[in-house]
file query_15.cif (mmCIF, C-alpha atoms)
data_work
loop_
_atom_site.group_PDB
_atom_site.id
_atom_site.type_symbol
_atom_site.label_atom_id
_atom_site.label_comp_id
_atom_site.auth_asym_id
_atom_site.auth_seq_id
_atom_site.Cartn_x
_atom_site.Cartn_y
_atom_site.Cartn_z
ATOM 1 C CA MET A 330 2.720 -48.092 -112.746
ATOM 2 C CA ALA A 331 1.453 -49.436 -116.078
ATOM 3 C CA GLU A 332 2.325 -47.428 -119.173
ATOM 4 C CA ILE A 333 -0.695 -45.509 -120.532
ATOM 5 C CA THR A 334 -0.905 -46.240 -124.249
ATOM 6 C CA SER A 335 -4.668 -45.924 -124.744
ATOM 7 C CA PHE A 336 -7.244 -43.383 -123.648
ATOM 8 C CA SER A 337 -9.378 -46.278 -122.406
ATOM 9 C CA GLN A 338 -6.831 -46.868 -119.630
ATOM 10 C CA LEU A 339 -7.683 -43.523 -118.028
ATOM 11 C CA ASP A 340 -10.417 -43.019 -115.461
ATOM 12 C CA PRO A 341 -12.902 -40.484 -116.902
ATOM 13 C CA ASP A 342 -13.764 -39.450 -113.335
ATOM 14 C CA GLY A 343 -10.145 -39.224 -112.223
ATOM 15 C CA VAL A 344 -8.084 -36.127 -111.514
ATOM 16 C CA TYR A 345 -4.837 -35.791 -113.452
ATOM 17 C CA SER A 346 -1.942 -33.363 -113.461
ATOM 18 C CA TYR A 347 0.352 -32.113 -116.197
ATOM 19 C CA ALA A 348 2.966 -34.569 -114.891
ATOM 20 C CA ASP A 349 0.517 -37.386 -115.736
ATOM 21 C CA TYR A 350 -0.293 -35.819 -119.107
ATOM 22 C CA LEU A 351 3.382 -35.922 -120.116
ATOM 23 C CA THR A 352 3.569 -39.683 -119.638
ATOM 24 C CA TRP A 353 0.593 -40.630 -121.820
ATOM 25 C CA LYS A 354 1.480 -42.316 -125.100
ATOM 26 C CA PHE A 355 -1.593 -42.282 -127.308
ATOM 27 C CA GLU A 356 -2.783 -40.237 -130.279
ATOM 28 C CA GLN A 357 -6.114 -38.890 -129.055
ATOM 29 C CA THR A 358 -6.027 -35.153 -128.449
ATOM 30 C CA LEU A 359 -7.336 -34.023 -125.094
ATOM 31 C CA GLU A 360 -7.247 -31.155 -122.653
ATOM 32 C CA LEU A 361 -7.140 -31.075 -118.864
ATOM 33 C CA ILE A 362 -9.485 -28.668 -117.123
ATOM 34 C CA LYS A 363 -8.709 -28.516 -113.407
ATOM 35 C CA GLY A 364 -7.593 -32.130 -113.540
ATOM 36 C CA LYS A 365 -10.569 -33.432 -115.518
ATOM 37 C CA ILE A 366 -10.121 -34.935 -118.970
ATOM 38 C CA LEU A 367 -11.855 -33.377 -121.962
ATOM 39 C CA LEU A 368 -11.498 -35.210 -125.262
ATOM 40 C CA MET A 369 -11.199 -32.938 -128.289
ATOM 41 C CA PRO A 370 -13.136 -34.080 -131.375
ATOM 42 C CA ALA A 371 -11.359 -33.973 -134.704
ATOM 43 C CA PRO A 372 -11.912 -30.520 -136.236
ATOM 44 C CA SER A 373 -14.120 -30.176 -139.287
ATOM 45 C CA ARG A 374 -12.783 -29.073 -142.654
ATOM 46 C CA MET A 375 -14.440 -25.659 -142.251
ATOM 47 C CA HIS A 376 -12.910 -25.297 -138.783
ATOM 48 C CA GLN A 377 -9.483 -25.894 -140.291
ATOM 49 C CA LYS A 378 -10.115 -23.484 -143.155
ATOM 50 C CA ILE A 379 -11.096 -20.696 -140.748
ATOM 51 C CA SER A 380 -8.160 -21.560 -138.498
ATOM 52 C CA TRP A 381 -5.744 -21.342 -141.429
ATOM 53 C CA ARG A 382 -7.063 -17.961 -142.557
ATOM 54 C CA LEU A 383 -6.772 -16.615 -139.020
ATOM 55 C CA THR A 384 -3.290 -18.050 -138.639
ATOM 56 C CA VAL A 385 -2.165 -16.196 -141.749
ATOM 57 C CA GLU A 386 -3.621 -12.911 -140.442
ATOM 58 C CA PHE A 387 -2.077 -13.351 -136.995
ATOM 59 C CA GLY A 388 1.247 -14.501 -138.427
ATOM 60 C CA ASN A 389 1.532 -11.537 -140.774
ATOM 61 C CA HIS A 390 0.719 -8.995 -138.066
ATOM 62 C CA PHE A 391 2.888 -10.377 -135.284
ATOM 63 C CA LYS A 392 5.812 -11.425 -137.501
ATOM 64 C CA ASN A 393 7.919 -8.423 -136.546
ATOM 65 C CA GLN A 394 6.347 -7.695 -133.180
ATOM 66 C CA ARG A 395 7.657 -8.428 -129.703
ATOM 67 C CA CYS A 396 4.641 -10.694 -129.112
ATOM 68 C CA GLU A 397 4.401 -14.164 -130.659
ATOM 69 C CA ALA A 398 1.355 -15.953 -132.086
ATOM 70 C CA TYR A 399 0.811 -19.720 -132.026
ATOM 71 C CA ALA A 400 -1.813 -22.035 -133.531
ATOM 72 C CA ALA A 401 -3.009 -25.403 -132.233
ATOM 73 C CA PRO A 402 -1.731 -27.923 -131.410
ATOM 74 C CA PHE A 403 0.097 -25.859 -128.792
ATOM 75 C CA ASP A 404 -0.057 -26.646 -125.080
ATOM 76 C CA VAL A 405 -0.952 -23.806 -122.722
ATOM 77 C CA ARG A 406 -0.475 -24.714 -119.055
ATOM 78 C CA LEU A 407 -2.583 -22.656 -116.686
ATOM 79 C CA TYR A 408 -1.942 -22.680 -112.959
ATOM 80 C CA ASP A 409 -3.434 -21.247 -109.786
ATOM 81 C CA GLN A 410 -2.104 -17.689 -109.658
ATOM 82 C CA LYS A 411 -2.439 -17.715 -105.862
ATOM 83 C CA LYS A 412 0.168 -20.480 -105.543
ATOM 84 C CA SER A 413 3.885 -20.056 -106.061
ATOM 85 C CA SER A 414 4.548 -23.630 -107.223
ATOM 86 C CA ARG A 415 4.566 -24.273 -110.962
ATOM 87 C CA ALA A 416 5.820 -27.856 -110.822
ATOM 88 C CA ASN A 417 4.275 -30.224 -113.354
ATOM 89 C CA LYS A 418 2.520 -32.158 -110.595
ATOM 90 C CA GLU A 419 0.915 -28.930 -109.358
ATOM 91 C CA ILE A 420 -0.532 -27.945 -112.752
ATOM 92 C CA PHE A 421 -3.970 -29.391 -113.484
ATOM 93 C CA THR A 422 -5.029 -27.427 -116.578
ATOM 94 C CA VAL A 423 -3.592 -27.876 -120.066
ATOM 95 C CA VAL A 424 -5.524 -26.425 -123.009
ATOM 96 C CA GLN A 425 -4.870 -26.096 -126.728
ATOM 97 C CA PRO A 426 -6.453 -22.861 -127.979
ATOM 98 C CA ASP A 427 -6.991 -22.588 -131.706
ATOM 99 C CA LEU A 428 -4.820 -19.459 -131.646
ATOM 100 C CA CYS A 429 -3.101 -17.463 -128.951
ATOM 101 C CA VAL A 430 -0.756 -14.503 -128.590
ATOM 102 C CA ILE A 431 1.896 -14.280 -125.870
ATOM 103 C CA CYS A 432 3.800 -11.083 -125.132
ATOM 104 C CA ASP A 433 5.743 -12.205 -122.056
ATOM 105 C CA LEU A 434 8.226 -14.439 -123.859
ATOM 106 C CA GLU A 435 9.534 -15.808 -120.564
ATOM 107 C CA LYS A 436 6.316 -17.853 -120.443
ATOM 108 C CA LEU A 437 7.446 -19.819 -123.500
ATOM 109 C CA ASP A 438 9.472 -23.021 -123.397
ATOM 110 C CA ASP A 439 9.905 -26.089 -125.574
ATOM 111 C CA ARG A 440 6.622 -27.527 -124.297
ATOM 112 C CA GLY A 441 4.489 -24.475 -125.081
ATOM 113 C CA CYS A 442 3.310 -21.700 -122.790
ATOM 114 C CA LEU A 443 3.366 -21.689 -118.987
ATOM 115 C CA GLY A 444 0.836 -19.104 -117.876
ATOM 116 C CA ALA A 445 -1.926 -17.101 -119.489
ATOM 117 C CA PRO A 446 -1.587 -15.848 -123.077
ATOM 118 C CA ASP A 447 -2.612 -12.248 -123.666
ATOM 119 C CA LEU A 448 -5.148 -13.124 -126.374
ATOM 120 C CA VAL A 449 -6.899 -16.443 -126.999
ATOM 121 C CA VAL A 450 -9.101 -17.390 -129.958
ATOM 122 C CA GLU A 451 -11.369 -20.435 -129.943
ATOM 123 C CA ILE A 452 -13.333 -21.619 -132.987
ATOM 124 C CA LEU A 453 -16.586 -23.362 -132.131
ATOM 125 C CA SER A 454 -17.346 -26.825 -133.463
ATOM 126 C CA PRO A 455 -20.511 -28.886 -132.953
ATOM 127 C CA GLY A 456 -18.776 -30.960 -130.297
ATOM 128 C CA ASN A 457 -17.242 -28.130 -128.271
ATOM 129 C CA SER A 458 -19.638 -25.162 -128.305
ATOM 130 C CA SER A 459 -20.947 -25.433 -124.750
ATOM 131 C CA ARG A 460 -17.459 -26.098 -123.407
ATOM 132 C CA GLU A 461 -15.941 -22.995 -125.009
ATOM 133 C CA MET A 462 -18.907 -20.792 -124.143
ATOM 134 C CA ARG A 463 -19.043 -21.627 -120.460
ATOM 135 C CA LEU A 464 -16.259 -23.626 -118.906
ATOM 136 C CA LYS A 465 -13.291 -22.318 -120.863
ATOM 137 C CA LYS A 466 -14.483 -18.717 -120.790
ATOM 138 C CA ASP A 467 -14.504 -18.760 -116.991
ATOM 139 C CA LEU A 468 -11.174 -20.588 -116.952
ATOM 140 C CA TYR A 469 -9.485 -18.017 -119.183
ATOM 141 C CA ALA A 470 -10.842 -15.146 -117.116
ATOM 142 C CA GLU A 471 -9.634 -16.489 -113.785
ATOM 143 C CA SER A 472 -6.249 -17.359 -115.345
ATOM 144 C CA GLY A 473 -5.720 -13.796 -116.574
ATOM 145 C CA VAL A 474 -6.240 -14.035 -120.357
ATOM 146 C CA ARG A 475 -6.719 -10.354 -121.179
ATOM 147 C CA GLU A 476 -8.782 -10.792 -124.346
ATOM 148 C CA TYR A 477 -10.817 -13.742 -125.583
ATOM 149 C CA TRP A 478 -12.464 -14.278 -128.960
ATOM 150 C CA ILE A 479 -15.068 -16.964 -129.698
ATOM 151 C CA ILE A 480 -15.723 -17.571 -133.384
ATOM 152 C CA ASP A 481 -18.991 -19.194 -134.449
ATOM 153 C CA ILE A 482 -18.590 -20.659 -137.929
ATOM 154 C CA THR A 483 -22.257 -21.594 -138.336
ATOM 155 C CA HIS A 484 -23.564 -18.076 -137.703
ATOM 156 C CA GLU A 485 -20.433 -16.281 -138.982
ATOM 157 C CA THR A 486 -20.032 -14.210 -135.839
ATOM 158 C CA LEU A 487 -17.309 -13.343 -133.343
ATOM 159 C CA LEU A 488 -17.726 -12.597 -129.632
ATOM 160 C CA ARG A 489 -15.002 -10.462 -128.097
ATOM 161 C CA TYR A 490 -14.437 -10.425 -124.334
ATOM 162 C CA SER A 491 -12.044 -8.224 -122.365
ATOM 163 C CA LEU A 492 -10.798 -8.843 -118.845
ATOM 164 C CA GLU A 493 -11.854 -6.488 -116.065
ATOM 165 C CA GLU A 494 -10.018 -5.757 -112.825
ATOM 166 C CA ASN A 495 -11.852 -8.420 -110.813
ATOM 167 C CA ASP A 496 -10.773 -11.228 -113.196
ATOM 168 C CA VAL A 497 -14.122 -11.549 -114.914
ATOM 169 C CA TYR A 498 -14.939 -10.740 -118.511
ATOM 170 C CA SER A 499 -16.984 -7.745 -119.501
ATOM 171 C CA LEU A 500 -20.168 -8.282 -121.458
ATOM 172 C CA PRO A 501 -19.130 -9.473 -124.916
ATOM 173 C CA THR A 502 -19.192 -7.401 -128.073
ATOM 174 C CA LEU A 503 -20.768 -9.225 -131.012
ATOM 175 C CA PHE A 504 -19.380 -8.813 -134.534
ATOM 176 C CA VAL A 505 -21.113 -10.180 -137.624
ATOM 177 C CA ASN A 506 -19.662 -11.314 -140.931
ATOM 178 C CA ASP A 507 -19.492 -7.913 -142.673
ATOM 179 C CA GLU A 508 -17.687 -6.146 -139.818
ATOM 180 C CA VAL A 509 -14.067 -5.512 -138.908
ATOM 181 C CA VAL A 510 -12.963 -6.696 -135.462
ATOM 182 C CA PRO A 511 -10.402 -4.536 -133.659
ATOM 183 C CA SER A 512 -8.399 -6.081 -130.867
ATOM 184 C CA ILE A 513 -8.690 -4.232 -127.571
ATOM 185 C CA ILE A 514 -5.191 -4.929 -126.298
ATOM 186 C CA PHE A 515 -3.531 -4.695 -129.748
ATOM 187 C CA PRO A 516 -5.161 -1.573 -131.271
ATOM 188 C CA ALA A 517 -3.236 -1.854 -134.544
ATOM 189 C CA PHE A 518 -4.532 -5.374 -135.171
ATOM 190 C CA THR A 519 -7.870 -5.861 -136.923
ATOM 191 C CA ILE A 520 -9.604 -8.782 -138.614
ATOM 192 C CA ALA A 521 -12.109 -8.354 -141.459
ATOM 193 C CA LEU A 522 -14.627 -11.129 -140.908
ATOM 194 C CA ALA A 523 -15.682 -11.086 -144.552
ATOM 195 C CA GLU A 524 -12.177 -12.293 -145.424
ATOM 196 C CA ILE A 525 -12.246 -14.964 -142.730
ATOM 197 C CA PHE A 526 -15.706 -16.347 -143.494
ATOM 198 C CA GLY A 527 -15.944 -15.395 -147.158
ATOM 199 C CA LYS A 528 -15.272 -17.680 -150.099
ATOM 200 C CA PRO A 529 -12.280 -16.853 -152.343
ATOM 201 C CA GLU A 530 -13.122 -15.347 -155.691
ATOM 202 C CA PHE A 531 -11.685 -16.998 -158.771
ATOM 203 C CA PRO A 532 -11.353 -15.295 -162.176
ATOM 204 C CA ALA A 533 -13.847 -16.342 -164.792
ATOM 205 C CA GLU A 534 -12.556 -18.894 -167.303
ATOM 206 C CA LEU A 535 -11.408 -17.458 -170.590
#
call {"tool": "encode", "arguments": {"input": "query_15.cif", "output": "structure tokens"}}
result
Amino acid sequence: MAEITSFSQLDPDGVYSYADYLTWKFEQTLELIKGKILLMPAPSRMHQKISWRLTVEFGNHFKNQRCEAYAAPFDVRLYDQKKSSRANKEIFTVVQPDLCVICDLEKLDDRGCLGAPDLVVEILSPGNSSREMRLKKDLYAESGVREYWIIDITHETLLRYSLEENDVYSLPTLFVNDEVVPSIIFPAFTIALAEIFGKPEFPAEL
């Protein structure tokens, strides 16, 4: 089999596994959703600014907790919970959430996380809004992600979903830029959106 060194060598209509993903040797960032390739556009500067502010908040809160927080790039491998096999060739979904929290540390290995994180945060960009809003939301629900946040930079809002017993998300709660968002599964953890979206204040020049 020829070595894959360029994204152009892949079949956009093909179905690939995590075993395939591990052999690819190119720089483009992508995700696998049920075997299908999804290219990830380079994040905007504002996306990275919001991501950094969130990472600081998550890092400070979970620093001394039993749960661990990770920021992208960080591979999360999701598998069919109805199957017992977790071999690389049997895993067809690999995503890189902007942030995630994992409490079952046995899911962690040197390659990332095998199984559903407890909390996932995705930051919308112009190139990924429809994907995060539809496809990945359903994927996270069926994989068992207990809480899911979608952050909309343009409108300075956050949608919070929580998982119900039948592996679907409840209707989302919308938070706007002057509100504080409490996590459902981590009651002691809150995010003030004004600090995430707001501009830093600098002292006036003397």
call {"tool": "closest_residue", "arguments": {"input": "query_15.cif", "among": "A:Ser454, A:Ser472, A:Ser512, A:Ser373", "to": "Val497 (chain A)", "atoms": "only C-alpha atoms"}}
result
A:Ser472
call {"tool": "closest_residue", "arguments": {"input": "query_15.cif", "among": "A:Asp507, A:Glu461, A:Asp439, A:Asp433", "to": "Met369 (chain A)", "atoms": "all atoms listed in the file"}}
result
A:Glu461
call {"tool": "closest_residue", "arguments": {"input": "query_15.cif", "among": "A:Leu522, A:Ile482, A:Ile514, A:Leu351", "to": "Arg374 (chain A)", "atoms": "all atoms listed in the file"}}
result
A:Ile482
call {"tool": "residues_around", "arguments": {"input": "query_15.cif", "residues": "Glu485 (chain A)", "least_positions_apart": "5", "cutoff": "9 Å", "atoms": "all atoms listed in the file", "output": "PDB file with C-alpha atoms, in the coordinates of the input"}}
result
ATOM      1  CA  ILE A 480     -15.723 -17.571-133.384  1.00  0.00           C
ATOM      2  CA  PHE A 504     -19.380  -8.813-134.534  1.00  0.00           C
ATOM      3  CA  VAL A 505     -21.113 -10.180-137.624  1.00  0.00           C
ATOM      4  CA  ASN A 506     -19.662 -11.314-140.931  1.00  0.00           C
ATOM      5  CA  LEU A 522     -14.627 -11.129-140.908  1.00  0.00           C
ATOM      6  CA  ALA A 523     -15.682 -11.086-144.552  1.00  0.00           C
ATOM      7  CA  PHE A 526     -15.706 -16.347-143.494  1.00  0.00           C
TER       8      PHE A 526
END
call {"tool": "residues_around", "arguments": {"input": "query_15.cif", "residues": "region 386-400 of chain A", "least_positions_apart": "5", "cutoff": "8 Å", "atoms": "all atoms listed in the file", "output": "JSON, numbers by chain"}}
result
{"A": [426, 427, 428, 429, 430, 431, 432, 433, 434, 518, 520]}
call {"tool": "resolve_selection", "arguments": {"input": "query_15.cif", "expression": "the PyMOL selection byres ((chain A and resi 453) around 12)", "output": "PyMOL selection string"}}
result
chain A and resi 369-370+372-373+375-377+379-380+426-427+450-452+454-462+465+478-488
call {"tool": "residues_around", "arguments": {"input": "query_15.cif", "residues": "Thr334 (chain A)", "least_positions_apart": "3", "cutoff": "12 Å", "atoms": "all atoms listed in the file", "output": "mmCIF file with C-alpha atoms, keeping the file's coordinate frame"}}
result
data_model
loop_
_atom_site.group_PDB
_atom_site.id
_atom_site.type_symbol
_atom_site.label_atom_id
_atom_site.label_comp_id
_atom_site.auth_asym_id
_atom_site.auth_seq_id
_atom_site.Cartn_x
_atom_site.Cartn_y
_atom_site.Cartn_z
ATOM 1 C CA ALA A 331 1.453 -49.436 -116.078
ATOM 2 C CA SER A 337 -9.378 -46.278 -122.406
ATOM 3 C CA GLN A 338 -6.831 -46.868 -119.630
ATOM 4 C CA LEU A 339 -7.683 -43.523 -118.028
ATOM 5 C CA TYR A 350 -0.293 -35.819 -119.107
ATOM 6 C CA LEU A 351 3.382 -35.922 -120.116
ATOM 7 C CA THR A 352 3.569 -39.683 -119.638
ATOM 8 C CA TRP A 353 0.593 -40.630 -121.820
ATOM 9 C CA LYS A 354 1.480 -42.316 -125.100
ATOM 10 C CA PHE A 355 -1.593 -42.282 -127.308
ATOM 11 C CA GLU A 356 -2.783 -40.237 -130.279
ATOM 12 C CA GLN A 357 -6.114 -38.890 -129.055
#
call {"tool": "atom_distance", "arguments": {"input": "query_15.cif", "atom1": "CA of Glu493 (chain A)", "atom2": "CA of Phe515 (chain A)"}}
result
16.1 Å
call {"tool": "closest_residue", "arguments": {"input": "query_15.cif", "among": "A:Leu500, A:Leu383, A:Val424, A:Leu437", "to": "Glu360 (chain A)", "atoms": "all atoms listed in the file"}}
result
A:Val424
call {"tool": "axis_aligned_box", "arguments": {"input": "query_15.cif", "around": "region 366-375 of chain A", "padding_each_side": "3 Å", "output": "lines of an AutoDock Vina configuration file"}}
result
center_x = -12.3
center_y = -30.4
center_z = -130.8
size_x = 10.3
size_y = 15.6
size_z = 29.7
call {"tool": "resolve_selection", "arguments": {"input": "query_15.cif", "expression": "the PyMOL selection byres ((chain A and resi 408) around 12)", "output": "ChimeraX atom specification"}}
result
/A:346-347,361-364,405-407,409-424,442-445,468-469,471-473
call {"tool": "residues_around", "arguments": {"input": "query_15.cif", "residues": "Tyr498 (chain A)", "least_positions_apart": "2", "cutoff": "10 Å", "atoms": "all atoms listed in the file", "output": "list of chain:residue names"}}
result
A:Lys466, A:Asp467, A:Tyr469, A:Ala470, A:Glu471, A:Gly473, A:Val474, A:Arg475, A:Glu476, A:Tyr477, A:Arg489, A:Tyr490, A:Ser491, A:Leu492, A:Glu493, A:Glu494, A:Asn495, A:Asp496, A:Leu500, A:Pro501
call {"tool": "atom_distance", "arguments": {"input": "query_15.cif", "atom1": "CA of Ile513 (chain A)", "atom2": "CA of Asp404 (chain A)"}}
result
24.1 Å
call {"tool": "closest_residue", "arguments": {"input": "query_15.cif", "among": "A:Asp342, A:Glu508, A:Glu332, A:Glu435", "to": "Gly527 (chain A)", "atoms": "all atoms listed in the file"}}
result
A:Glu508
call {"tool": "atom_distance", "arguments": {"input": "query_15.cif", "atom1": "CA of Leu503 (chain A)", "atom2": "CA of Ala521 (chain A)"}}
result
13.6 Å
